[in-house]
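Participant: Here it is, the structure, as structure tokens.
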Amino acid sequence: MDFALSSDQELLRDTARALMARECPTSLVRDHMNEPQAAAPLWEHLANFAALGTGPTTDLCLFAEEAGFVAAPGPFFATTALFAPLLDAVGSNRLDATLAGELTGTVALAGDDGIWQVNADPVKTFVLEADVVDLVAIVGAGPSVTLVEQPAARRVVTMDSSRRVFEVDVAAVADGDLFALDPVAIVELIDRATVVLAAEMVGTTQRLFEMALEYAKQRYQFGVPIGSFSAIQHKLVDMSLDLERARAAVYYAAMAIDAGDDDRHRAGHVAKAAVGEAAKRAAKDGIQIHGGIGFTWEHDLHLFMRRAYASEALLGATGWHHDRLAELLF
């Protein structure tokens with residue numbers, strides 16, 4: 001079986017890479033910390049790719065990986081990986097506008113425990129970009145979906161300011177468009193979103209690794225590059241191996257979802273757990289390789305460390321996915 005990217009997929013990846021490099025410098029990520037609307041010009045470009053939200057998972061993963069490489073802020077992940085597939089699942093007439101990039105949205109699903117599963121909790125947690133999107137899809141018991149505009153949302157300060165998190169009080173939400181939701185559909189949606197997030201984390205991990213590698217070549221100690229020291233080389237090799245293992249797991253999971261393979265649920269847990277370990281190693285060893293300069297606010301390393309650790313916790317931390325795998329095995 002040929003697992004190589006098609007020519008169209010290579011074009012998509014290269015286009016995304018060039019777009020992110022041009023439109024999302026680290027200066028934009030920093031500006032977004034103080035002013036969320038700083039990411040609006042970036043969304044104008046990313047909106048052209050909103051149709052990926054209901055397309056093949058592998059294609060969205062390719063694009064998400066490049067977004068993760070630059071820690072792209074804004075509603076792209078929430079809209080394409082969560083909101084658009086949910087609209088598709090319930091047959092909402094808002095889907096066409098969303099896929100055209102004319103409408104942004106997010107999903108409020110996780111309850112008090114932070115687990116992304118259907119619940120009747122009065123407060124929804126981990127609601128991404130709730131104050132900048134056009135619509136919030138609230139998933140309640142049943143399961144049911146209610147589409148509302150601008151619900152009252154409380155910002156939760158997290159370590160990653162490039163992906164803003166909110167809590168939404170469901171009890172205070174006014175009536176909105178109400179839909180019934182197939183229980184199987186929400187499980188498949190979360191599986192897919194988890195793999196897309198894992199792909200994004202592959203990009204962030206790649207960025208951390210490349211930054212550490214480049215610094216190891218440039219930083220001299222005792223008259224030689226620190227990359228010539230075996231201790232640094234071992235760290236870089238371990239980072240690289242973890243990264244490649246994670247990338248393989250992610251794209252296997254993406255292809256399993258696209259093929260409707262029976263292994264797709266297990267593969268999603270493996271992918272998120274593998275990239276979670278890789279991201280944490282890259283962040284930890286990356287800052288050790290950089291030394292003191294890596295701790296400074298002026299250095300860009302912390303932007304990607306923040307994204308790596310925050311994404312590891314989103315949609316289930318590594319340990320949670322390990323537990324789910326254990327349940328499947330035993």
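Each chain in the structure tokens gets a letter, A, B and so on, in the order shown; residues start at 1 in every chain, and ligands are counted from 1 in the order they appear.
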Using only C-alpha atoms, which protein or nucleic acid residues come within 12 Å of region 150-158 of chain A? Drop anything in the same chain fewer than 6 positions from it, and give the result as number ranges by chain.

Facilitator: A: 33, 104-108, 123-138, 164-176, 306-307, 309-311, 313-314

Participant: Please tabulate, as a tab-separated table, the residues of region 164-213 of chain A that come within 12 Å of region 239-258 of chain A, each with its closest pair of atoms and the distance in Å to one decimal, counting only C-alpha atoms and ordering rows by chain, then residue number upward.

Facilitator:
```
residue	atom	partner	partner_atom	distance
A:Glu188	CA	A:Ile257	CA	8.7
A:Leu189	CA	A:Ile257	CA	10.3
A:Ile190	CA	A:Ile257	CA	11.5
A:Asp191	CA	A:Ile257	CA	8.5
A:Arg192	CA	A:Ile257	CA	7.2
A:Ala193	CA	A:Ala254	CA	10.1
A:Thr194	CA	A:Val250	CA	9.7
A:Val195	CA	A:Val250	CA	6.3
A:Val196	CA	A:Ala254	CA	7.9
A:Leu197	CA	A:Val250	CA	9.5
A:Ala198	CA	A:Val250	CA	6.5
A:Ala199	CA	A:Val250	CA	6.1
A:Glu200	CA	A:Val250	CA	9.8
A:Met201	CA	A:Ala246	CA	9.4
A:Val202	CA	A:Arg247	CA	6.2
A:Gly203	CA	A:Arg247	CA	9.1
A:Thr204	CA	A:Leu243	CA	10.2
A:Thr205	CA	A:Leu243	CA	6.9
A:Gln206	CA	A:Leu243	CA	7.1
A:Arg207	CA	A:Leu243	CA	10.6
A:Leu208	CA	A:Met239	CA	9.3
A:Phe209	CA	A:Met239	CA	6.7
A:Glu210	CA	A:Ser240	CA	9.5
A:Met211	CA	A:Met239	CA	11.8
A:Ala212	CA	A:Met239	CA	9.7
A:Leu213	CA	A:Ser240	CA	10.0
```

Participant: Using the selection just defined, write its residues with N, CA and C atoms as a PDB file, in the first residue's frame.

Facilitator:
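Listed below is the output, part-v5.pdb:
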```
ATOM      1  N   GLU A 188     -17.323  10.109  17.126  1.00  0.00           N
ATOM      2  CA  GLU A 188     -16.475  10.170  15.936  1.00  0.00           C
ATOM      3  C   GLU A 188     -15.915  11.577  15.735  1.00  0.00           C
ATOM      4  N   LEU A 189     -16.715  12.578  16.048  1.00  0.00           N
ATOM      5  CA  LEU A 189     -16.251  13.968  15.920  1.00  0.00           C
ATOM      6  C   LEU A 189     -15.078  14.243  16.860  1.00  0.00           C
ATOM      7  N   ILE A 190     -15.200  13.794  18.093  1.00  0.00           N
ATOM      8  CA  ILE A 190     -14.121  14.023  19.063  1.00  0.00           C
ATOM      9  C   ILE A 190     -12.875  13.230  18.677  1.00  0.00           C
ATOM     10  N   ASP A 191     -13.062  12.007  18.191  1.00  0.00           N
ATOM     11  CA  ASP A 191     -11.910  11.221  17.725  1.00  0.00           C
ATOM     12  C   ASP A 191     -11.163  11.974  16.627  1.00  0.00           C
ATOM     13  N   ARG A 192     -11.909  12.521  15.686  1.00  0.00           N
ATOM     14  CA  ARG A 192     -11.301  13.234  14.565  1.00  0.00           C
ATOM     15  C   ARG A 192     -10.613  14.506  15.038  1.00  0.00           C
ATOM     16  N   ALA A 193     -11.281  15.270  15.897  1.00  0.00           N
ATOM     17  CA  ALA A 193     -10.689  16.507  16.399  1.00  0.00           C
ATOM     18  C   ALA A 193      -9.415  16.229  17.191  1.00  0.00           C
ATOM     19  N   THR A 194      -9.400  15.125  17.920  1.00  0.00           N
ATOM     20  CA  THR A 194      -8.216  14.759  18.692  1.00  0.00           C
ATOM     21  C   THR A 194      -7.031  14.496  17.784  1.00  0.00           C
ATOM     22  N   VAL A 195      -7.274  13.818  16.676  1.00  0.00           N
ATOM     23  CA  VAL A 195      -6.189  13.531  15.732  1.00  0.00           C
ATOM     24  C   VAL A 195      -5.717  14.813  15.048  1.00  0.00           C
ATOM     25  N   VAL A 196      -6.641  15.708  14.725  1.00  0.00           N
ATOM     26  CA  VAL A 196      -6.248  16.982  14.117  1.00  0.00           C
ATOM     27  C   VAL A 196      -5.406  17.806  15.092  1.00  0.00           C
ATOM     28  N   LEU A 197      -5.810  17.827  16.362  1.00  0.00           N
ATOM     29  CA  LEU A 197      -5.009  18.517  17.366  1.00  0.00           C
ATOM     30  C   LEU A 197      -3.634  17.875  17.495  1.00  0.00           C
ATOM     31  N   ALA A 198      -3.587  16.556  17.433  1.00  0.00           N
ATOM     32  CA  ALA A 198      -2.299  15.862  17.503  1.00  0.00           C
ATOM     33  C   ALA A 198      -1.404  16.256  16.330  1.00  0.00           C
ATOM     34  N   ALA A 199      -1.992  16.417  15.154  1.00  0.00           N
ATOM     35  CA  ALA A 199      -1.214  16.851  13.995  1.00  0.00           C
ATOM     36  C   ALA A 199      -0.674  18.252  14.204  1.00  0.00           C
ATOM     37  N   GLU A 200      -1.503  19.118  14.761  1.00  0.00           N
ATOM     38  CA  GLU A 200      -1.037  20.466  15.070  1.00  0.00           C
ATOM     39  C   GLU A 200       0.131  20.420  16.053  1.00  0.00           C
ATOM     40  N   MET A 201       0.048  19.531  17.031  1.00  0.00           N
ATOM     41  CA  MET A 201       1.124  19.387  18.012  1.00  0.00           C
ATOM     42  C   MET A 201       2.408  18.862  17.377  1.00  0.00           C
ATOM     43  N   VAL A 202       2.272  18.047  16.329  1.00  0.00           N
ATOM     44  CA  VAL A 202       3.462  17.605  15.595  1.00  0.00           C
ATOM     45  C   VAL A 202       4.200  18.815  15.036  1.00  0.00           C
ATOM     46  N   GLY A 203       3.442  19.771  14.485  1.00  0.00           N
ATOM     47  CA  GLY A 203       4.069  20.983  13.957  1.00  0.00           C
ATOM     48  C   GLY A 203       4.758  21.791  15.034  1.00  0.00           C
ATOM     49  N   THR A 204       4.121  21.933  16.188  1.00  0.00           N
ATOM     50  CA  THR A 204       4.734  22.677  17.293  1.00  0.00           C
ATOM     51  C   THR A 204       5.978  21.971  17.795  1.00  0.00           C
ATOM     52  N   THR A 205       5.920  20.652  17.895  1.00  0.00           N
ATOM     53  CA  THR A 205       7.081  19.875  18.328  1.00  0.00           C
ATOM     54  C   THR A 205       8.222  20.004  17.328  1.00  0.00           C
ATOM     55  N   GLN A 206       7.879  20.000  16.038  1.00  0.00           N
ATOM     56  CA  GLN A 206       8.891  20.199  14.997  1.00  0.00           C
ATOM     57  C   GLN A 206       9.569  21.550  15.172  1.00  0.00           C
ATOM     58  N   ARG A 207       8.791  22.580  15.479  1.00  0.00           N
ATOM     59  CA  ARG A 207       9.361  23.921  15.663  1.00  0.00           C
ATOM     60  C   ARG A 207      10.309  23.950  16.859  1.00  0.00           C
ATOM     61  N   LEU A 208       9.914  23.339  17.962  1.00  0.00           N
ATOM     62  CA  LEU A 208      10.774  23.283  19.146  1.00  0.00           C
ATOM     63  C   LEU A 208      12.074  22.541  18.842  1.00  0.00           C
ATOM     64  N   PHE A 209      11.961  21.443  18.110  1.00  0.00           N
ATOM     65  CA  PHE A 209      13.154  20.673  17.762  1.00  0.00           C
ATOM     66  C   PHE A 209      14.085  21.473  16.860  1.00  0.00           C
ATOM     67  N   GLU A 210      13.524  22.128  15.849  1.00  0.00           N
ATOM     68  CA  GLU A 210      14.362  22.894  14.927  1.00  0.00           C
ATOM     69  C   GLU A 210      15.043  24.068  15.634  1.00  0.00           C
ATOM     70  N   MET A 211      14.334  24.698  16.550  1.00  0.00           N
ATOM     71  CA  MET A 211      14.934  25.807  17.297  1.00  0.00           C
ATOM     72  C   MET A 211      16.092  25.317  18.158  1.00  0.00           C
ATOM     73  N   ALA A 212      15.905  24.163  18.800  1.00  0.00           N
ATOM     74  CA  ALA A 212      16.965  23.608  19.641  1.00  0.00           C
ATOM     75  C   ALA A 212      18.165  23.186  18.796  1.00  0.00           C
ATOM     76  N   LEU A 213      17.888  22.562  17.661  1.00  0.00           N
ATOM     77  CA  LEU A 213      18.968  22.114  16.780  1.00  0.00           C
ATOM     78  C   LEU A 213      19.771  23.301  16.258  1.00  0.00           C
TER      79      LEU A 213
END
```

Participant: Step one, run DSSP on the backbone; step two, keep only residues of region 12-145 of chain A assigned to strand (DSSP E); then write them as number ranges by chain.

Facilitator: A: 105-108, 123-128, 135-140, 144-145

Participant: Would you write out those residues with C-alpha atoms, as a PDB file, in the first residue's frame?

Facilitator:
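Result file part-v3.pdb:
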```
ATOM      1  CA  GLY A 105     -17.755  28.907  15.539  1.00  0.00           C
ATOM      2  CA  THR A 106     -16.698  26.796  18.471  1.00  0.00           C
ATOM      3  CA  VAL A 107     -18.081  23.924  20.528  1.00  0.00           C
ATOM      4  CA  ALA A 108     -18.988  23.854  24.222  1.00  0.00           C
ATOM      5  CA  VAL A 123     -21.030  24.992  33.014  1.00  0.00           C
ATOM      6  CA  LYS A 124     -19.066  24.032  29.915  1.00  0.00           C
ATOM      7  CA  THR A 125     -15.282  24.215  30.103  1.00  0.00           C
ATOM      8  CA  PHE A 126     -12.492  24.378  27.519  1.00  0.00           C
ATOM      9  CA  VAL A 127     -14.628  26.424  25.143  1.00  0.00           C
ATOM     10  CA  LEU A 128     -12.134  27.782  22.619  1.00  0.00           C
ATOM     11  CA  LEU A 135     -21.641  31.034  17.008  1.00  0.00           C
ATOM     12  CA  VAL A 136     -21.181  28.635  19.898  1.00  0.00           C
ATOM     13  CA  ALA A 137     -22.565  25.103  19.594  1.00  0.00           C
ATOM     14  CA  ILE A 138     -23.530  23.881  23.053  1.00  0.00           C
ATOM     15  CA  VAL A 139     -23.726  20.100  23.352  1.00  0.00           C
ATOM     16  CA  GLY A 140     -26.081  18.986  26.097  1.00  0.00           C
ATOM     17  CA  SER A 144     -28.544  17.740  21.746  1.00  0.00           C
ATOM     18  CA  VAL A 145     -26.929  20.766  20.130  1.00  0.00           C
TER      19      VAL A 145
END
```

Participant: Would you return as JSON, numbers by chain the members of region 31-193 of chain A that DSSP assigns to alpha helix (DSSP H) on this structure's backbone?

Facilitator: {"A": [31, 32, 33, 34, 40, 41, 42, 43, 44, 45, 46, 57, 58, 59, 60, 61, 62, 63, 64, 65, 66, 67, 68, 69, 76, 77, 84, 85, 86, 87, 88, 89, 90, 95, 96, 97, 98, 99, 183, 184, 185, 186, 187, 188, 189, 190, 191, 192, 193]}

Participant: Just the number, please: distance in Å from CA of Ala326 (chain A) to CA of Val184 (chain A), one decimal.

Facilitator: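 Separating CA of Ala326 (chain A) from CA of Val184 (chain A) is a distance of 21.3 Å.
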